[in-house]
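Enquirer: If you scroll down you'll find the structure; I have some questions about it.
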Amino acid sequence: EDGADADALSEVLFDPEHWPVFRVPAEDGPGAVVIYRNLDGDYGTDYLLTHPDSSYAQQIASWNGDFSGTGLTWHELIRIADSPFLADEGVQDTATRFLLLLPLLTDPNVPDTAAARLIDALTAVGAPQDTASLAAEHLLAHLTRRSQH
């Protein structure tokens, strides 16, 4: 609700001197890494899958004004969000994990419970209760209707 807070966050996320990285390790399979790429003239967000038995990370999507990549199904997104690997460094809160991974959703067939899950996550991180349901509706409509690449 405070424009100054949004400006401060933008300064951190889009500072060309730093690349914010959010690790989302999962206990029972591949986890994810979200990287804000801040090169002058080449801003974007890269999404990687990390595999527990490998030092290799696989890029599965990117955002450079438009989404490109394979993304995640609803089931894959929920599996990663709900299974934090507590022994590894990274984002552990399930609501935050869910919201960080939500842009990766490419599944047009989300369950009826998806909106409630998104509303719960938004309010858990501080979104106003009276606007969370409208925000969830718009986010899910946008994510499930975008074209596949």
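To be explicit about the labels: the chains of the structure tokens are called A, B, and onward in the order shown, and within each one the residues are counted from 1, while ligands get numbers from 1 in the order they are shown.
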If you run DSSP on the backbone here, which positions in chain A get strand (DSSP E)? Please write them as a PyMOL selection string.
Expert: chain A and resi 21-24+31-39+42-50+57-63+67-69
Enquirer: Export N, CA and C atoms of the chosen residues as a CSV table (one decimal), in the first residue's frame?
Expert:
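Heads up, here's the output in out.csv:
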chain,number,residue,atom,x,y,z
A,21,VAL,N,19.0,-13.5,-5.9
A,21,VAL,CA,18.8,-14.9,-6.1
A,21,VAL,C,18.0,-15.5,-5.0
A,22,PHE,N,17.0,-16.2,-5.3
A,22,PHE,CA,16.1,-16.8,-4.3
A,22,PHE,C,16.2,-18.3,-4.6
A,23,ARG,N,16.8,-19.1,-3.6
A,23,ARG,CA,16.9,-20.5,-3.7
A,23,ARG,C,15.6,-21.1,-3.0
A,24,VAL,N,15.0,-22.1,-3.7
A,24,VAL,CA,13.8,-22.8,-3.3
A,24,VAL,C,14.2,-24.3,-3.3
A,31,GLY,N,14.6,-28.8,-6.9
A,31,GLY,CA,14.2,-27.5,-6.3
A,31,GLY,C,14.3,-26.5,-7.4
A,32,ALA,N,14.2,-25.2,-7.0
A,32,ALA,CA,14.3,-24.1,-8.0
A,32,ALA,C,15.1,-23.0,-7.5
A,33,VAL,N,15.6,-22.2,-8.5
A,33,VAL,CA,16.3,-21.0,-8.2
A,33,VAL,C,15.7,-19.9,-9.1
A,34,VAL,N,15.4,-18.7,-8.5
A,34,VAL,CA,14.9,-17.6,-9.2
A,34,VAL,C,15.9,-16.5,-9.2
A,35,ILE,N,16.4,-16.1,-10.4
A,35,ILE,CA,17.4,-15.1,-10.5
A,35,ILE,C,16.9,-13.8,-11.2
A,36,TYR,N,17.1,-12.7,-10.6
A,36,TYR,CA,16.8,-11.4,-11.2
A,36,TYR,C,18.1,-10.9,-11.9
A,37,ARG,N,18.1,-11.1,-13.2
A,37,ARG,CA,19.2,-10.7,-14.1
A,37,ARG,C,19.2,-9.2,-14.3
A,38,ASN,N,20.2,-8.5,-13.9
A,38,ASN,CA,20.2,-7.1,-13.9
A,38,ASN,C,21.3,-6.5,-14.7
A,39,LEU,N,21.6,-7.0,-15.9
A,39,LEU,CA,22.5,-6.4,-16.8
A,39,LEU,C,21.9,-5.1,-17.4
A,42,ASP,N,19.7,-5.5,-20.3
A,42,ASP,CA,19.3,-6.9,-20.4
A,42,ASP,C,18.7,-7.4,-19.1
A,43,TYR,N,17.6,-6.8,-18.7
A,43,TYR,CA,16.9,-7.1,-17.4
A,43,TYR,C,16.0,-8.3,-17.7
A,44,GLY,N,15.9,-9.2,-16.7
A,44,GLY,CA,15.0,-10.3,-16.8
A,44,GLY,C,15.0,-11.2,-15.6
A,45,THR,N,14.2,-12.2,-15.6
A,45,THR,CA,14.2,-13.2,-14.5
A,45,THR,C,14.4,-14.5,-15.1
A,46,ASP,N,15.3,-15.3,-14.6
A,46,ASP,CA,15.6,-16.6,-15.0
A,46,ASP,C,15.1,-17.6,-13.9
A,47,TYR,N,14.6,-18.7,-14.3
A,47,TYR,CA,14.1,-19.8,-13.4
A,47,TYR,C,14.8,-21.1,-13.8
A,48,LEU,N,15.5,-21.6,-12.8
A,48,LEU,CA,16.3,-22.8,-12.9
A,48,LEU,C,15.7,-23.9,-12.1
A,49,LEU,N,15.9,-25.2,-12.5
A,49,LEU,CA,15.6,-26.3,-11.7
A,49,LEU,C,16.9,-26.9,-11.2
A,50,THR,N,17.0,-27.2,-9.9
A,50,THR,CA,18.2,-27.8,-9.4
A,50,THR,C,17.9,-29.2,-9.0
A,57,ALA,N,22.3,-27.0,-13.0
A,57,ALA,CA,21.0,-26.4,-12.9
A,57,ALA,C,20.5,-26.3,-14.4
A,58,GLN,N,19.2,-26.6,-14.5
A,58,GLN,CA,18.6,-26.6,-15.8
A,58,GLN,C,17.6,-25.4,-15.9
A,59,GLN,N,17.9,-24.5,-16.9
A,59,GLN,CA,17.0,-23.3,-17.1
A,59,GLN,C,15.7,-23.9,-17.7
A,60,ILE,N,14.5,-23.6,-17.0
A,60,ILE,CA,13.3,-24.0,-17.5
A,60,ILE,C,12.4,-22.9,-18.0
A,61,ALA,N,12.7,-21.7,-17.6
A,61,ALA,CA,11.9,-20.5,-18.1
A,61,ALA,C,12.7,-19.2,-17.9
A,62,SER,N,12.2,-18.2,-18.5
A,62,SER,CA,12.7,-16.8,-18.3
A,62,SER,C,11.6,-15.8,-18.6
A,63,TRP,N,11.8,-14.7,-18.1
A,63,TRP,CA,10.9,-13.6,-18.3
A,63,TRP,C,11.7,-12.4,-18.8
A,67,PHE,N,7.0,-14.3,-21.2
A,67,PHE,CA,7.4,-15.6,-20.6
A,67,PHE,C,7.8,-16.5,-21.7
A,68,SER,N,8.9,-17.3,-21.5
A,68,SER,CA,9.3,-18.3,-22.4
A,68,SER,C,9.9,-19.5,-21.6
A,69,GLY,N,9.6,-20.7,-22.1
A,69,GLY,CA,10.1,-21.8,-21.4
A,69,GLY,C,9.0,-22.8,-21.1
Enquirer: Using only C-alpha atoms, which residues sit within 10 Å of range 119-135 of chain A once same-chain residues fewer than 4 positions away are excluded, as an NGL selection string?
Expert: :A and (1 or 93-99 or 114-115 or 139-141)
Enquirer: Go ahead and dump the residues you just picked, all heavy atoms, as an mmCIF file, in the first residue's frame.
Expert:
data_model
loop_
_atom_site.group_PDB
_atom_site.id
_atom_site.type_symbol
_atom_site.label_atom_id
_atom_site.label_comp_id
_atom_site.auth_asym_id
_atom_site.auth_seq_id
_atom_site.Cartn_x
_atom_site.Cartn_y
_atom_site.Cartn_z
ATOM 1 N N GLU A 1 0.807 -1.193 0.000
ATOM 2 C CA GLU A 1 0.000 0.000 0.000
ATOM 3 C C GLU A 1 0.852 1.259 0.000
ATOM 4 O O GLU A 1 0.373 2.303 -0.360
ATOM 5 C CB GLU A 1 -0.924 0.013 1.217
ATOM 6 C CG GLU A 1 -2.008 -1.029 1.136
ATOM 7 C CD GLU A 1 -2.982 -0.941 2.276
ATOM 8 O OE1 GLU A 1 -3.148 0.133 2.858
ATOM 9 O OE2 GLU A 1 -3.588 -1.968 2.581
ATOM 10 N N ASP A 93 9.669 -20.712 3.922
ATOM 11 C CA ASP A 93 8.250 -20.461 4.136
ATOM 12 C C ASP A 93 7.444 -20.906 2.921
ATOM 13 O O ASP A 93 7.710 -20.467 1.791
ATOM 14 C CB ASP A 93 8.026 -18.967 4.398
ATOM 15 C CG ASP A 93 6.566 -18.627 4.545
ATOM 16 O OD1 ASP A 93 5.963 -19.020 5.556
ATOM 17 O OD2 ASP A 93 6.024 -17.990 3.616
ATOM 18 N N THR A 94 6.450 -21.769 3.120
ATOM 19 C CA THR A 94 5.729 -22.356 1.989
ATOM 20 C C THR A 94 4.922 -21.324 1.199
ATOM 21 O O THR A 94 4.820 -21.427 -0.019
ATOM 22 C CB THR A 94 4.815 -23.514 2.436
ATOM 23 O OG1 THR A 94 3.920 -23.050 3.439
ATOM 24 C CG2 THR A 94 5.624 -24.679 2.954
ATOM 25 N N ALA A 95 4.353 -20.322 1.858
ATOM 26 C CA ALA A 95 3.602 -19.291 1.134
ATOM 27 C C ALA A 95 4.538 -18.488 0.232
ATOM 28 O O ALA A 95 4.221 -18.224 -0.931
ATOM 29 C CB ALA A 95 2.883 -18.369 2.112
ATOM 30 N N THR A 96 5.691 -18.121 0.748
ATOM 31 C CA THR A 96 6.663 -17.364 -0.041
ATOM 32 C C THR A 96 7.190 -18.209 -1.191
ATOM 33 O O THR A 96 7.330 -17.723 -2.323
ATOM 34 C CB THR A 96 7.817 -16.892 0.864
ATOM 35 O OG1 THR A 96 7.262 -16.136 1.943
ATOM 36 C CG2 THR A 96 8.806 -16.048 0.095
ATOM 37 N N ARG A 97 7.476 -19.474 -0.921
ATOM 38 C CA ARG A 97 7.952 -20.384 -1.965
ATOM 39 C C ARG A 97 6.910 -20.487 -3.085
ATOM 40 O O ARG A 97 7.236 -20.412 -4.265
ATOM 41 C CB ARG A 97 8.219 -21.773 -1.367
ATOM 42 C CG ARG A 97 9.364 -21.814 -0.387
ATOM 43 C CD ARG A 97 9.364 -23.090 0.433
ATOM 44 N NE ARG A 97 9.560 -24.286 -0.363
ATOM 45 C CZ ARG A 97 10.751 -24.806 -0.683
ATOM 46 N NH1 ARG A 97 11.847 -24.227 -0.246
ATOM 47 N NH2 ARG A 97 10.840 -25.898 -1.416
ATOM 48 N N PHE A 98 5.658 -20.660 -2.703
ATOM 49 C CA PHE A 98 4.572 -20.771 -3.668
ATOM 50 C C PHE A 98 4.509 -19.524 -4.554
ATOM 51 O O PHE A 98 4.414 -19.617 -5.783
ATOM 52 C CB PHE A 98 3.254 -20.990 -2.916
ATOM 53 C CG PHE A 98 2.041 -21.014 -3.784
ATOM 54 C CD1 PHE A 98 1.730 -22.139 -4.539
ATOM 55 C CD2 PHE A 98 1.194 -19.919 -3.845
ATOM 56 C CE1 PHE A 98 0.596 -22.162 -5.340
ATOM 57 C CE2 PHE A 98 0.062 -19.938 -4.640
ATOM 58 C CZ PHE A 98 -0.237 -21.064 -5.397
ATOM 59 N N LEU A 99 4.577 -18.344 -3.940
ATOM 60 C CA LEU A 99 4.474 -17.101 -4.706
ATOM 61 C C LEU A 99 5.697 -16.862 -5.594
ATOM 62 O O LEU A 99 5.557 -16.331 -6.712
ATOM 63 C CB LEU A 99 4.243 -15.916 -3.761
ATOM 64 C CG LEU A 99 2.896 -15.943 -3.045
ATOM 65 C CD1 LEU A 99 2.842 -14.856 -1.975
ATOM 66 C CD2 LEU A 99 1.737 -15.812 -4.029
ATOM 67 N N ALA A 114 -7.130 -24.056 -6.357
ATOM 68 C CA ALA A 114 -6.001 -23.170 -6.666
ATOM 69 C C ALA A 114 -6.232 -21.751 -6.168
ATOM 70 O O ALA A 114 -5.327 -21.135 -5.597
ATOM 71 C CB ALA A 114 -5.717 -23.177 -8.167
ATOM 72 N N ALA A 115 -7.415 -21.212 -6.387
ATOM 73 C CA ALA A 115 -7.687 -19.838 -5.961
ATOM 74 C C ALA A 115 -7.571 -19.700 -4.445
ATOM 75 O O ALA A 115 -6.966 -18.736 -3.950
ATOM 76 C CB ALA A 115 -9.064 -19.388 -6.433
ATOM 77 N N LEU A 139 -4.493 -13.221 -11.290
ATOM 78 C CA LEU A 139 -3.237 -13.946 -11.493
ATOM 79 C C LEU A 139 -3.464 -15.308 -12.136
ATOM 80 O O LEU A 139 -2.791 -15.672 -13.101
ATOM 81 C CB LEU A 139 -2.494 -14.110 -10.167
ATOM 82 C CG LEU A 139 -1.777 -12.893 -9.632
ATOM 83 C CD1 LEU A 139 -1.320 -13.133 -8.191
ATOM 84 C CD2 LEU A 139 -0.593 -12.544 -10.518
ATOM 85 N N LEU A 140 -4.399 -16.067 -11.601
ATOM 86 C CA LEU A 140 -4.662 -17.398 -12.160
ATOM 87 C C LEU A 140 -5.193 -17.319 -13.590
ATOM 88 O O LEU A 140 -4.814 -18.121 -14.440
ATOM 89 C CB LEU A 140 -5.623 -18.176 -11.275
ATOM 90 C CG LEU A 140 -5.025 -18.705 -9.973
ATOM 91 C CD1 LEU A 140 -6.107 -19.336 -9.104
ATOM 92 C CD2 LEU A 140 -3.907 -19.695 -10.250
ATOM 93 N N ALA A 141 -6.055 -16.359 -13.862
ATOM 94 C CA ALA A 141 -6.583 -16.208 -15.223
ATOM 95 C C ALA A 141 -5.450 -15.898 -16.196
ATOM 96 O O ALA A 141 -5.379 -16.474 -17.283
ATOM 97 C CB ALA A 141 -7.641 -15.114 -15.264
#
